[in-house]
Structure formats: structure tokens, C-alpha cells
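**Q** Encoded as C-alpha cells, here's the structure I'll be asking about.
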Amino acid sequence: MGSPEERLAEALYAKLWNHTDALADRALAEDPDSAMGIYAKGLMKLREREFHEGERLFKKALGIDPHHQSARLALASCHHVEGRYEEAEELAMGVLSENPEFIDCHVFVSWLLAKSRQVEKARAAVTELRALDPRSPHAIEIEIYLRRCVEKRKDHERLCQELLALDPNNFLAHFGLAEVCFLRNDFQHAEEHIRTALAIKPTPEAERMLRIIEYRRNRWGYFPLLFLAIQLKLRRLFFAGEIRRRGREPKFDR
């Protein structure tokens, strides 16, 4: 069966989050100074978006075992969430220098560089990640993010198809293909992809895209938008002076 700490390590490796909290409690009951147990409790706090409590627990785990690489990487994740990118990068690169084949750390560093808009460094990190794991879906996700969100490019169809082949239930692949189909006016396939994406992970961005696609597929969907546009035009035509005098010009039209 193994010790509680060994079973906890197996659950963390397999990402069995439903069992992690209970196994961490058992590990801590056996040894209150279990760095693994404290680290696992911190991870659960991160999943609950309690970042300050997670940071406190990771620091406590590192006080017991300063070389705990996963706890250092998790602490870097807290710094990243708080916008402390330099501290996060320094911690993560320190872990990577000690363990160059730590794939999760390569993934974290690649995302960190991408989200801090260090495009060239992010692409170099992705190249290293792909050298270690040629079929890594994370590498493709990061490249899609760089193209869509940083460089504002629309040429991510091939990457989305490649990602979908590796992971048929990948949210980003379906979301990206919905965008591609929408730009081609292929609203049927766009709606299919965005509904699949929403079933995988409901997000406000995906819900907004679904509403826009539905407007485009149904001509009656234009009427609320058309009515608003006509109303604003009429107000400017007949009451322009009054609007300017009172400073009530719509903000998006300034």
C-alpha cells in the first residue's frame, strides 16, 4: 500500500484532485512536518483560487524542505498570478537549472514568458519543451496563445487542428476553430465548435462568441443591434447640441 506520503505523491502525479485533500490530511496526521502534505494543501488552495493562503503554505513547505522543486514552482505560480513576473521567472528558472528535464517546469516557464509578452524567449522555451516532449499539447497551446493574444494574428487553424488531433477534448482547439470558421462565414461549424468548447469549459468569452454566432446565423438577431445603432444616430441627428452640452456622448464613440 505504501505510506500516506507515498500515496499522496502518486495522487499528485496522476492529478487525482478528488483524493488529494484527504491523502494530504493522512500524511500530515502521520507527520505534521510533511513538506509533501503541506505542499498538497497549498495546491488545493490554488485550485480554490485562495492564492495568499496557497503562498503561505508553499513557503511553510519550503521552510521544511528548501529543495522541494514542486513547492518552489507552485510558489512561482502564486507570484505569477500576483503579477510579480520577475520573481516568478527567477524561481522557475532556478528549478529548471537543477532539473532540466522537469517537463511541468518547462510548461510553466513557457506560459510565464508568453503571458509576460516576451515572445522570442517564449518561443525558445516552447522549442525546448517540444524537444523533450514532441507531442506536448501545452507547446501548441502556448503557440496559439502567442499568435492570437500577443501578435493578434489569425493564422492558427493548422495549430488548432494539430492540437485537436492530440486532444479531441481540448477547449482551446475548439475555441480557435470556432473563430476560424466564423471568419469564413461558416457559422454552422463555428457553432458546433463553440458549443463543444462550452461543454468542456464554460467561460464568458465562449458564451459571448456563441451569442455572436447565433446573431449571424439568425437574421432576426441583427434587430437588437440595428435598433440600438438607429437610436444612437437619431439622437445625434436631432439632439447633438444637447448631448454635447450635457457631456453624454457614448464613451465608445469618443
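Just so we're on the same page: first chain in the C-alpha cells is A, next is B, and so on; residues restart at 1 for each chain, and ligands are numbered from 1 in the order they show up.
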Please list as a list in words every residue within 8 Å of Met209 of chain A, counting only C-alpha atoms and excluding residues in the same chain fewer than 4 positions away.
**A** Ile194, Glu205 and Ile213 of chain A
**Q** Using DSSP on the backbone coordinates, identify the residues of segment 27-249 of chain A assigned to alpha helix (DSSP H); present them as an MDAnalysis selection string.
**A** chainID A and resid 27:30 35:47 51:64 69:81 85:98 103:115 119:132 137:145 157:166 171:183 187:200 204:217 222:246
**Q** May I ask for the distance between atom CA of Thr196 of chain A and atom CA of Leu166 of chain A, given in Å to one decimal place?
**A** 16.2 Å
**Q** So that I can see what lies close to Ile200 of chain A, please list as a PyMOL selection string the residues with an atom at most 8 Å from it, counting only C-alpha atoms and leaving out residues fewer than 6 positions away in the same chain.
**A** chain A and resi 169-171
**Q** Residues within 7 Å of segment 175-187 of chain A, please, as a compact mmCIF listing (two decimals) with N, CA and C atoms, in the first residue's frame. Count only C-alpha atoms; anything in the same chain fewer than 3 positions from it doesn't count.
**A**
```txt
# COMPACT_ATOMS: atom_id res chain seq x y z
N GLU A 157 -5.22 28.11 -37.60
CA GLU A 157 -6.05 26.93 -37.91
C GLU A 157 -5.23 25.64 -37.87
N CYS A 160 -4.54 24.59 -34.38
CA CYS A 160 -5.74 24.10 -33.70
C CYS A 160 -6.07 22.67 -34.14
N PHE A 171 -10.26 22.50 -25.01
CA PHE A 171 -11.08 23.72 -25.10
C PHE A 171 -10.51 24.70 -26.12
N LEU A 172 -9.21 24.96 -26.02
CA LEU A 172 -8.60 25.99 -26.86
C LEU A 172 -8.66 25.61 -28.34
N ALA A 190 -18.82 26.80 -36.91
CA ALA A 190 -18.39 27.68 -35.81
C ALA A 190 -19.22 27.40 -34.57
N GLU A 191 -20.54 27.26 -34.76
CA GLU A 191 -21.41 27.00 -33.61
C GLU A 191 -21.14 25.62 -33.02
N HIS A 193 -18.30 23.99 -32.96
CA HIS A 193 -17.05 24.03 -32.19
C HIS A 193 -17.22 24.81 -30.88
N ILE A 194 -17.93 25.93 -30.92
CA ILE A 194 -18.05 26.74 -29.70
C ILE A 194 -18.94 26.05 -28.67
N ALA A 197 -16.73 23.56 -27.06
CA ALA A 197 -15.83 24.26 -26.13
C ALA A 197 -16.55 24.60 -24.82
N ILE A 213 -22.36 34.30 -32.85
CA ILE A 213 -22.61 33.34 -33.93
C ILE A 213 -24.10 33.17 -34.15
N ARG A 217 -26.22 33.75 -37.56
CA ARG A 217 -26.98 32.67 -38.21
C ARG A 217 -28.45 33.03 -38.37
```
**Q** Could you list, as a PyMOL selection string, every residue within 12 Å of Glu98 of chain A, counting only C-alpha atoms and ignoring same-chain residues fewer than 6 positions away?
**A** chain A and resi 67-69+72+91-92+105
**Q** With N, CA and C atoms retained, could you export that selection as an mmCIF file, in the first residue's frame?
**A**
```cif
data_model
loop_
_atom_site.group_PDB
_atom_site.id
_atom_site.type_symbol
_atom_site.label_atom_id
_atom_site.label_comp_id
_atom_site.auth_asym_id
_atom_site.auth_seq_id
_atom_site.Cartn_x
_atom_site.Cartn_y
_atom_site.Cartn_z
ATOM 1 N N HIS A 67 14.539 22.434 -0.872
ATOM 2 C CA HIS A 67 14.829 21.911 -2.215
ATOM 3 C C HIS A 67 13.601 21.281 -2.873
ATOM 4 N N HIS A 68 12.437 21.427 -2.261
ATOM 5 C CA HIS A 68 11.205 20.835 -2.813
ATOM 6 C C HIS A 68 10.851 21.573 -4.104
ATOM 7 N N GLN A 69 11.162 20.954 -5.237
ATOM 8 C CA GLN A 69 11.034 21.646 -6.522
ATOM 9 C C GLN A 69 9.582 21.992 -6.863
ATOM 10 N N ARG A 72 8.488 25.004 -4.935
ATOM 11 C CA ARG A 72 9.094 26.233 -5.483
ATOM 12 C C ARG A 72 8.368 26.671 -6.751
ATOM 13 N N LEU A 91 12.417 32.104 -9.777
ATOM 14 C CA LEU A 91 12.186 30.845 -9.063
ATOM 15 C C LEU A 91 12.118 29.665 -10.025
ATOM 16 N N ALA A 92 11.331 29.841 -11.102
ATOM 17 C CA ALA A 92 11.131 28.746 -12.053
ATOM 18 C C ALA A 92 12.427 28.392 -12.780
ATOM 19 N N CYS A 105 7.870 22.124 -15.363
ATOM 20 C CA CYS A 105 8.554 23.407 -15.193
ATOM 21 C C CYS A 105 8.770 24.081 -16.545
#
```
**Q** Near segment 29-34 of chain A, counting only C-alpha atoms, which residues have an atom at most 10 Å away, once you skip same-chain residues fewer than 4 positions from it, shown as a VMD selection string?
**A** chain A and resid 3 to 5 23 to 25 38 to 40 60 to 61 63 to 65
**Q** With a distance cut-off of 12 Å and only C-alpha atoms, select the neighbouring residues of Glu120 of chain A, excluding the residue or stretch itself and same-chain residues fewer than 5 positions from it, and output the selection as a JSON list (two decimals) with C-alpha atoms, in the first residue's frame.
**A**
```
[["chain", "number", "residue", "atom", "x", "y", "z"],
["A", 110, "SER", "CA", 6.84, 28.86, -21.44],
["A", 113, "LEU", "CA", 7.16, 34.14, -20.79],
["A", 114, "ALA", "CA", 4.19, 34.13, -23.17],
["A", 125, "ALA", "CA", 11.17, 27.84, -24.30],
["A", 126, "VAL", "CA", 8.49, 26.14, -26.42],
["A", 127, "THR", "CA", 11.23, 24.74, -28.70],
["A", 143, "GLU", "CA", 2.00, 28.98, -29.66],
["A", 146, "LEU", "CA", 1.18, 33.89, -28.77],
["A", 150, "VAL", "CA", 0.02, 38.68, -28.27],
["A", 151, "GLU", "CA", 0.62, 39.08, -32.01]]
```
